[in-house]
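The structure appears right after this line, and notes come after that.
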Amino acid sequence: MARCRVDQSIKRVEMAGFAFPLGVYPVDPVEPKSGYTTAFEPADDGTDPTTTETGGEWEEWPDRYVFDILVPATRVEALCRSLFSLLPGRSYPILDFLGQDEFREVDPYVSYDLLGMDRFMDTLRRFRGFFYEDGLVGFGAMSEEPFLYVFVDEHKVVTVRAEASIKEKVEKVLSAFDLEQVPELLSADSVTHEHRSVLEAPNERPDLLVGDEIIEVLRDEWRLVLNIDPESNLDEDGKDLGMTGWRCIVRYDPPGPPEKAVGSDEDEEEDESAETPEPEVVKEKSDVESPELVDTKEVPVSRYAEIFLTADSLHRATDLALEALEELLEQAEIDPGDDPIPEPMMVVADRWNAEDFAKAVEQVTKQKPDVSESGVHHAVWLN
């Protein structure tokens, strides 16, 4: 089973006795202190207050209390387990990732499908180094009845939004961690700071994943969708960009049985429970011994297509990318057989500035692209 591993050569930054996450640390001096702030937020129209995007299918959010919580990096996971336990058995996952789009710092993902919290927590354990130490990812989950929102941002500051009936339960969790209310939080993002990925994946370890690969896994397992308006093309300040260049990667999954690792689910659970994570670097049995996989000749291998195109919205970019994928399949004379073709996934849809986009396209096509109109400029299978 694919997992992740933290690079053990990375040293943890500490200031004033406070341990920061391996993937995000202050450059300027700061004296952080564990604690939390609290405020009241009135009911709204379902807009997620952490982004400029609307909540999509969410109902109106009720009156709620918001807690912003700061603890040392070595206590974040334990705190999150306690807070996530307040959610009902099925909730909606949320994910933020610092991607490569040149007009948006964070790629916000949400799921409009309820996910069992046992599966959610299992995934957090499987990729704990990514979730709790990496400086490129934020994650959480929310429920509507009762309303509860728990989110860990990329600085590993924990935010809880809870309706009045849950407020006391949240306060009991904070009390159990000996946390007191403070006037303000002084975290890494209070001063000049740096973000970095902390994962390593040597070529000889295909079972170890890096951030982009984990995001792809999560989009499948948590049924995440990019939470932006698909009919427009705005930057993070709400400015209409019009026509822009896009680099898209589309995954095509040939019909066939899913890939499985040899060994039972019980063996997987025993491996998880047998290991005790160290404070800084999580070591799991799978990080020492790679799982033996079934014969890959019997497993259909996913293929990825890289597509450069111009479009004025995510919706239009998606349509063009899928059309380009169909042409690549025809050119390769790929016969799906009698089984239905799984729907391709848009793995990457990043916007590039005009200069970089034109340079990249011209390098492979030897022609300067016309970026004033929508269309596909180059499409190729990736190795």
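As shown in the structure tokens, the chain order sets the letters A, B, ...; within each chain, residues go from 1, and ligands are also counted from 1 in the order they appear.
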Which neighbours of segment 132-140 of chain A fall inside 6 Å, counting only C-alpha atoms, when residues of the same chain fewer than 2 positions from it are skipped, and could you give them as number ranges by chain?
-> A: 21-24, 93-98, 128-130, 150-154, 195-198
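Atom to atom, atom CA of Ser374 of chain A and atom CA of Arg104 of chain A stand 20.5 Å apart.
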So what do you get for atom CA of Leu174 of chain A versus atom CA of Phe20 of chain A, distance-wise?
-> 19.4 Å
Taking the backbone alone, and naming residues the way the document does, which bits of segment 115-195 of chain A are strand (DSSP E or B) by DSSP, as a ChimeraX atom specification?
-> /A:115-116,137-143,148-152,158-162,181,193-195
Next, the residues of the selection above should be written as a short mmCIF file (atom, residue, chain, number, x, y, z; two decimals), in the first residue's frame with N, CA and C atoms.
```cif
data_model
loop_
_atom_site.label_atom_id
_atom_site.label_comp_id
_atom_site.auth_asym_id
_atom_site.auth_seq_id
_atom_site.Cartn_x
_atom_site.Cartn_y
_atom_site.Cartn_z
N LEU A 115 -18.27 10.96 3.98
CA LEU A 115 -17.25 9.93 4.12
C LEU A 115 -17.25 9.44 5.56
N GLY A 116 -17.16 8.14 5.74
CA GLY A 116 -17.08 7.58 7.07
C GLY A 116 -15.85 8.08 7.80
N VAL A 137 0.11 21.64 2.84
CA VAL A 137 -1.24 21.08 2.90
C VAL A 137 -1.99 21.53 4.15
N GLY A 138 -3.29 21.78 3.95
CA GLY A 138 -4.23 21.98 5.04
C GLY A 138 -5.36 20.98 4.86
N PHE A 139 -6.01 20.55 5.93
CA PHE A 139 -7.01 19.50 5.81
C PHE A 139 -8.02 19.59 6.95
N GLY A 140 -9.15 18.94 6.76
CA GLY A 140 -10.15 18.92 7.81
C GLY A 140 -11.41 18.23 7.35
N ALA A 141 -12.47 18.44 8.12
CA ALA A 141 -13.77 17.86 7.80
C ALA A 141 -14.85 18.70 8.47
N MET A 142 -16.08 18.58 7.95
CA MET A 142 -17.19 19.32 8.54
C MET A 142 -18.47 18.50 8.46
N SER A 143 -19.40 18.82 9.35
CA SER A 143 -20.72 18.22 9.32
C SER A 143 -21.76 19.33 9.38
N LEU A 148 -20.40 21.45 12.60
CA LEU A 148 -19.06 21.45 13.19
C LEU A 148 -18.04 21.42 12.06
N TYR A 149 -17.07 22.31 12.14
CA TYR A 149 -16.04 22.47 11.11
C TYR A 149 -14.70 22.44 11.82
N VAL A 150 -13.85 21.46 11.46
CA VAL A 150 -12.51 21.33 12.04
C VAL A 150 -11.51 21.34 10.90
N PHE A 151 -10.59 22.31 10.94
CA PHE A 151 -9.65 22.46 9.83
C PHE A 151 -8.26 22.80 10.36
N VAL A 152 -7.25 22.13 9.82
CA VAL A 152 -5.85 22.38 10.15
C VAL A 152 -5.21 23.04 8.94
N VAL A 158 -5.06 25.14 14.12
CA VAL A 158 -6.32 24.42 14.05
C VAL A 158 -7.48 25.40 14.26
N THR A 159 -8.45 25.37 13.34
CA THR A 159 -9.64 26.21 13.44
C THR A 159 -10.87 25.33 13.62
N VAL A 160 -11.68 25.66 14.61
CA VAL A 160 -12.93 24.94 14.86
C VAL A 160 -14.07 25.94 14.79
N ARG A 161 -15.10 25.61 14.02
CA ARG A 161 -16.34 26.38 14.01
C ARG A 161 -17.45 25.44 14.47
N ALA A 162 -18.14 25.83 15.53
CA ALA A 162 -19.09 24.93 16.16
C ALA A 162 -20.36 25.68 16.53
N GLN A 181 -7.25 30.56 26.96
CA GLN A 181 -7.54 31.61 25.99
C GLN A 181 -6.47 32.70 26.07
N HIS A 193 7.94 33.86 7.11
CA HIS A 193 8.13 32.43 7.32
C HIS A 193 8.27 31.70 5.99
N GLU A 194 8.66 30.45 6.05
CA GLU A 194 8.87 29.63 4.86
C GLU A 194 8.00 28.39 4.91
N HIS A 195 7.56 27.96 3.71
CA HIS A 195 6.84 26.69 3.56
C HIS A 195 7.70 25.74 2.73
#
```
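Between atom CA of Tyr252 of chain A and atom CA of Tyr304 of chain A lies a distance of 6.2 Å.
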Check the DSSP output for the backbone and give back, as JSON, numbers by chain, the residues of segment 70-319 of chain A in helix (DSSP H, G or I).
-> {"A": [73, 74, 75, 76, 77, 78, 79, 80, 81, 82, 83, 84, 117, 118, 119, 120, 121, 122, 123, 124, 125, 126, 128, 129, 130, 131, 132, 133, 164, 165, 166, 167, 168, 169, 170, 171, 172, 173, 174, 175, 176, 188, 189, 190, 211, 212, 213, 214, 215, 216, 217, 218, 219, 220, 221, 265, 266, 267, 268, 269, 270, 271, 272, 273, 274, 285, 286, 287, 296, 297, 298, 314, 315, 316, 317, 318, 319]}
Using only C-alpha atoms, which of A:Ala358, A:Ala43, A:Leu124, A:Leu218 sits nearest Glu60 of chain A?
->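 Result for the nearest residue to Glu60 of chain A: A:Ala43.
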